[in-house]
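Trainee: What follows is a single structure, and I will ask about it in a moment.
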Amino acid sequence: MTKHTTHSLALGLGAGLLLGACQAQAPQAAPRDTRLDLQTLHAGNLCGTEQASLRPVADAAALARVVTPAHILGATPKAIAVDFSRRSVFQLSMGQQPNTGSALGVTAASVDAQRLTVNAVWQLPEPGRMYAMMVTQPCVVFSLPRGDYRSVRVIDQNGQQRLAVELAK
């Protein structure tokens, strides 16, 4: 190798390293953490609605009505402490189901541009299994930090959208 070739090779290598270092140090937008503090307040097989739905729960009295089965005479309303000035509460229902093989739960929530995404476990009866024939209305009641949520979508464990709801303001 000649002195000129060695010098050109060194300059090329140095320029490449410098360019790579500049690109590696370019500022990148930090990923925004959009996960919310989700708290399950109640889950059951008889607290839902006839149709799949997601509804806001306005206050403590409404919450007590949702989590206390109306069909049980003399049932004492359950008291669940929630600071409604700081948290929003929602009731998610699968709708009416023909047997005890269905269940519902929530695992996470995130928000992006006023759209709330709730991740749910939406369990349907397994084909071929025997279940008690009893009409159920599985639901889950959960709370999140109060926010300006305009719409909500519910995504199940398989990535399927189960509900999309516009919230009234």
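Following the order of the structure tokens, first chain is A, next is B, and so on, with residues numbered from 1 inside each chain and ligands from 1 in the order they appear.
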Considering only C-alpha atoms, return as a list in words whatever protein or nucleic-acid residues lie within 10 Å of Met134 of chain A, sequence-local ones (same chain, fewer than 2 positions apart) excluded.
Mentor: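 Using only C-alpha atoms, the neighbours found are Gln97, Pro98, Asn99, Thr100, Gly101, Tyr131, Ala132, Thr136 and Gln137 of chain A.
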Trainee: I want to know what sits within 8 Å of Leu38 of chain A, based on only C-alpha atoms, with residues of the same chain fewer than 3 positions away left out; could you give that as a list of chain:residue names?
Mentor: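 Neighbouring residues, sequence-local ones excluded: A:Thr107, A:Ala108, A:Ala109, A:Phe142, A:Ser143, A:Leu144, A:Pro145.
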Trainee: For all heavy atoms, I'd like the residues from the last selection saved as a PDB file, in the first residue's frame.
Mentor:
ATOM      1  N   THR A 107     -57.201  -6.163  31.752  1.00  0.00           N
ATOM      2  CA  THR A 107     -55.796  -6.368  32.089  1.00  0.00           C
ATOM      3  C   THR A 107     -54.960  -5.100  32.000  1.00  0.00           C
ATOM      4  O   THR A 107     -53.952  -4.985  32.680  1.00  0.00           O
ATOM      5  CB  THR A 107     -55.173  -7.426  31.172  1.00  0.00           C
ATOM      6  OG1 THR A 107     -55.306  -6.998  29.806  1.00  0.00           O
ATOM      7  CG2 THR A 107     -55.848  -8.776  31.358  1.00  0.00           C
ATOM      8  N   ALA A 108     -55.353  -4.161  31.143  1.00  0.00           N
ATOM      9  CA  ALA A 108     -54.561  -2.942  30.962  1.00  0.00           C
ATOM     10  C   ALA A 108     -55.416  -1.899  30.268  1.00  0.00           C
ATOM     11  O   ALA A 108     -56.441  -2.211  29.656  1.00  0.00           O
ATOM     12  CB  ALA A 108     -53.311  -3.231  30.132  1.00  0.00           C
ATOM     13  N   ALA A 109     -54.962  -0.655  30.344  1.00  0.00           N
ATOM     14  CA  ALA A 109     -55.631   0.442  29.637  1.00  0.00           C
ATOM     15  C   ALA A 109     -54.569   1.460  29.249  1.00  0.00           C
ATOM     16  O   ALA A 109     -53.576   1.645  29.950  1.00  0.00           O
ATOM     17  CB  ALA A 109     -56.690   1.095  30.514  1.00  0.00           C
ATOM     18  N   PHE A 142     -64.370  -1.242  36.560  1.00  0.00           N
ATOM     19  CA  PHE A 142     -62.984  -0.827  36.779  1.00  0.00           C
ATOM     20  C   PHE A 142     -62.887   0.686  36.823  1.00  0.00           C
ATOM     21  O   PHE A 142     -63.779   1.401  36.370  1.00  0.00           O
ATOM     22  CB  PHE A 142     -62.068  -1.394  35.683  1.00  0.00           C
ATOM     23  CG  PHE A 142     -62.405  -0.947  34.293  1.00  0.00           C
ATOM     24  CD1 PHE A 142     -61.776   0.156  33.722  1.00  0.00           C
ATOM     25  CD2 PHE A 142     -63.349  -1.629  33.542  1.00  0.00           C
ATOM     26  CE1 PHE A 142     -62.082   0.567  32.440  1.00  0.00           C
ATOM     27  CE2 PHE A 142     -63.662  -1.222  32.253  1.00  0.00           C
ATOM     28  CZ  PHE A 142     -63.034  -0.123  31.698  1.00  0.00           C
ATOM     29  N   SER A 143     -61.782   1.157  37.404  1.00  0.00           N
ATOM     30  CA  SER A 143     -61.553   2.598  37.475  1.00  0.00           C
ATOM     31  C   SER A 143     -60.199   2.936  36.866  1.00  0.00           C
ATOM     32  O   SER A 143     -59.284   2.101  36.823  1.00  0.00           O
ATOM     33  CB  SER A 143     -61.635   3.100  38.914  1.00  0.00           C
ATOM     34  OG  SER A 143     -60.498   2.721  39.645  1.00  0.00           O
ATOM     35  N   LEU A 144     -60.119   4.194  36.405  1.00  0.00           N
ATOM     36  CA  LEU A 144     -58.914   4.758  35.797  1.00  0.00           C
ATOM     37  C   LEU A 144     -58.771   6.188  36.289  1.00  0.00           C
ATOM     38  O   LEU A 144     -59.755   6.786  36.728  1.00  0.00           O
ATOM     39  CB  LEU A 144     -59.063   4.812  34.270  1.00  0.00           C
ATOM     40  CG  LEU A 144     -59.403   3.543  33.541  1.00  0.00           C
ATOM     41  CD1 LEU A 144     -59.885   3.856  32.137  1.00  0.00           C
ATOM     42  CD2 LEU A 144     -58.161   2.688  33.477  1.00  0.00           C
ATOM     43  N   PRO A 145     -57.589   6.750  36.159  1.00  0.00           N
ATOM     44  CA  PRO A 145     -57.474   8.177  36.492  1.00  0.00           C
ATOM     45  C   PRO A 145     -58.435   8.989  35.623  1.00  0.00           C
ATOM     46  O   PRO A 145     -58.643   8.683  34.443  1.00  0.00           O
ATOM     47  CB  PRO A 145     -56.023   8.515  36.135  1.00  0.00           C
ATOM     48  CG  PRO A 145     -55.309   7.214  36.195  1.00  0.00           C
ATOM     49  CD  PRO A 145     -56.304   6.180  35.756  1.00  0.00           C
TER      50      PRO A 145
END
Trainee: When you count only C-alpha atoms, which of these residues is closest to Ser110 of chain A: A:Leu46, A:Leu63, A:Val154, A:Val135?
Mentor: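 That would be A:Val154, the residue with the smallest distance to Ser110 of chain A.
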Trainee: Using only C-alpha atoms for the distances, tell me which of A:Ala120, A:Ala43, A:Met133, A:Val141 is nearest to Gln160 of chain A.
Mentor: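 The answer is A:Ala120, which sits nearest to Gln160 of chain A.
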Trainee: Any idea what's packed within 7 Å of Ala52 of chain A, counting only C-alpha atoms, ignoring anything in its chain fewer than 4 positions away? Could you give it as a ChimeraX atom specification?
Mentor: /A:93-95
Trainee: Quick one: write out the picked residues with N, CA and C atoms as a compact mmCIF listing (two decimals), in the first residue's frame?
Mentor:
# COMPACT_ATOMS: atom_id res chain seq x y z
N SER A 93 -69.60 -4.91 29.97
CA SER A 93 -70.44 -6.09 29.99
C SER A 93 -70.29 -6.88 28.69
N MET A 94 -70.32 -8.21 28.80
CA MET A 94 -70.29 -9.08 27.62
C MET A 94 -71.66 -9.21 26.99
N GLY A 95 -72.70 -8.82 27.71
CA GLY A 95 -74.05 -9.07 27.26
C GLY A 95 -74.54 -10.41 27.81
Trainee: Could you list, as number ranges by chain, every residue within 9 Å of Arg115 of chain A, counting only C-alpha atoms and ignoring same-chain residues fewer than 3 positions away?
Mentor: A: 110-112, 148-153
Trainee: Put those residues in a file: N, CA, C and O atoms, as a PDB file, in the first residue's frame.
Mentor:
ATOM      1  N   SER A 110     -54.804   2.101  28.117  1.00  0.00           N
ATOM      2  CA  SER A 110     -53.908   3.156  27.653  1.00  0.00           C
ATOM      3  C   SER A 110     -54.753   4.215  26.961  1.00  0.00           C
ATOM      4  O   SER A 110     -55.900   3.979  26.596  1.00  0.00           O
ATOM      5  N   VAL A 111     -54.170   5.402  26.802  1.00  0.00           N
ATOM      6  CA  VAL A 111     -54.893   6.497  26.152  1.00  0.00           C
ATOM      7  C   VAL A 111     -53.991   7.118  25.105  1.00  0.00           C
ATOM      8  O   VAL A 111     -52.783   7.242  25.287  1.00  0.00           O
ATOM      9  N   ASP A 112     -54.598   7.478  23.972  1.00  0.00           N
ATOM     10  CA  ASP A 112     -53.898   8.153  22.903  1.00  0.00           C
ATOM     11  C   ASP A 112     -54.879   9.125  22.269  1.00  0.00           C
ATOM     12  O   ASP A 112     -55.903   8.700  21.717  1.00  0.00           O
ATOM     13  N   ASP A 148     -60.019  13.176  29.973  1.00  0.00           N
ATOM     14  CA  ASP A 148     -60.933  13.675  28.950  1.00  0.00           C
ATOM     15  C   ASP A 148     -61.055  12.621  27.853  1.00  0.00           C
ATOM     16  O   ASP A 148     -60.613  12.829  26.736  1.00  0.00           O
ATOM     17  N   TYR A 149     -61.627  11.471  28.203  1.00  0.00           N
ATOM     18  CA  TYR A 149     -61.771  10.372  27.266  1.00  0.00           C
ATOM     19  C   TYR A 149     -62.991  10.632  26.380  1.00  0.00           C
ATOM     20  O   TYR A 149     -64.085  10.855  26.873  1.00  0.00           O
ATOM     21  N   ARG A 150     -62.796  10.600  25.076  1.00  0.00           N
ATOM     22  CA  ARG A 150     -63.891  10.848  24.128  1.00  0.00           C
ATOM     23  C   ARG A 150     -64.449   9.567  23.539  1.00  0.00           C
ATOM     24  O   ARG A 150     -65.612   9.507  23.161  1.00  0.00           O
ATOM     25  N   SER A 151     -63.597   8.547  23.433  1.00  0.00           N
ATOM     26  CA  SER A 151     -64.054   7.266  22.900  1.00  0.00           C
ATOM     27  C   SER A 151     -63.277   6.148  23.582  1.00  0.00           C
ATOM     28  O   SER A 151     -62.204   6.369  24.149  1.00  0.00           O
ATOM     29  N   VAL A 152     -63.859   4.963  23.527  1.00  0.00           N
ATOM     30  CA  VAL A 152     -63.240   3.796  24.149  1.00  0.00           C
ATOM     31  C   VAL A 152     -63.354   2.631  23.179  1.00  0.00           C
ATOM     32  O   VAL A 152     -64.389   2.440  22.545  1.00  0.00           O
ATOM     33  N   ARG A 153     -62.278   1.892  23.088  1.00  0.00           N
ATOM     34  CA  ARG A 153     -62.353   0.627  22.352  1.00  0.00           C
ATOM     35  C   ARG A 153     -61.869  -0.473  23.280  1.00  0.00           C
ATOM     36  O   ARG A 153     -60.960  -0.273  24.098  1.00  0.00           O
TER      37      ARG A 153
END
Trainee: For Phe84 of chain A, work out the shell of residues within 10 Å, counting only C-alpha atoms and skipping chain neighbours fewer than 6 positions away, then give it as a list in words.
Mentor: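 Non-adjacent residues within range: Val57, Ala58, Asp59, Ala60, Ser143, Pro145 and Arg146 of chain A.
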Trainee: Restricting the output to N, CA and C atoms, write the selected residues as an mmCIF file, in the first residue's frame.
Mentor:
data_model
loop_
_atom_site.group_PDB
_atom_site.id
_atom_site.type_symbol
_atom_site.label_atom_id
_atom_site.label_comp_id
_atom_site.auth_asym_id
_atom_site.auth_seq_id
_atom_site.Cartn_x
_atom_site.Cartn_y
_atom_site.Cartn_z
ATOM 1 N N VAL A 57 -69.825 4.936 34.982
ATOM 2 C CA VAL A 57 -70.568 4.880 36.241
ATOM 3 C C VAL A 57 -70.344 6.232 36.904
ATOM 4 N N ALA A 58 -71.431 6.981 37.127
ATOM 5 C CA ALA A 58 -71.332 8.394 37.505
ATOM 6 C C ALA A 58 -70.926 8.661 38.950
ATOM 7 N N ASP A 59 -71.397 7.830 39.887
ATOM 8 C CA ASP A 59 -71.163 8.150 41.301
ATOM 9 C C ASP A 59 -71.269 6.890 42.152
ATOM 10 N N ALA A 60 -71.092 7.057 43.464
ATOM 11 C CA ALA A 60 -71.090 5.920 44.391
ATOM 12 C C ALA A 60 -72.431 5.189 44.418
ATOM 13 N N SER A 143 -61.782 1.157 37.404
ATOM 14 C CA SER A 143 -61.553 2.598 37.475
ATOM 15 C C SER A 143 -60.199 2.936 36.866
ATOM 16 N N PRO A 145 -57.589 6.750 36.159
ATOM 17 C CA PRO A 145 -57.474 8.177 36.492
ATOM 18 C C PRO A 145 -58.435 8.989 35.623
ATOM 19 N N ARG A 146 -59.059 9.991 36.230
ATOM 20 C CA ARG A 146 -60.003 10.842 35.489
ATOM 21 C C ARG A 146 -59.279 11.459 34.307
#
Trainee: Need the shell around Ala62 of chain A: protein/DNA/RNA residues with any atom at most 12 Å away, counting only C-alpha atoms. Skip same-chain ones fewer than 4 positions apart. Format as a ChimeraX atom specification?
Mentor: /A:55-58,66-68,77-80,82,84,89-91,141
Trainee: Report the distance between atom CA of Pro138 of chain A and atom CA of Ala164 of chain A in Å, rounded to one decimal place.
Mentor: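 The value is 18.1 Å.
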Trainee: Tell me, in Å to one decimal, how far atom CA of Ser85 of chain A is from atom CA of Gly147 of chain A.
Mentor: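 Interatomic distance here is 10.6 Å.
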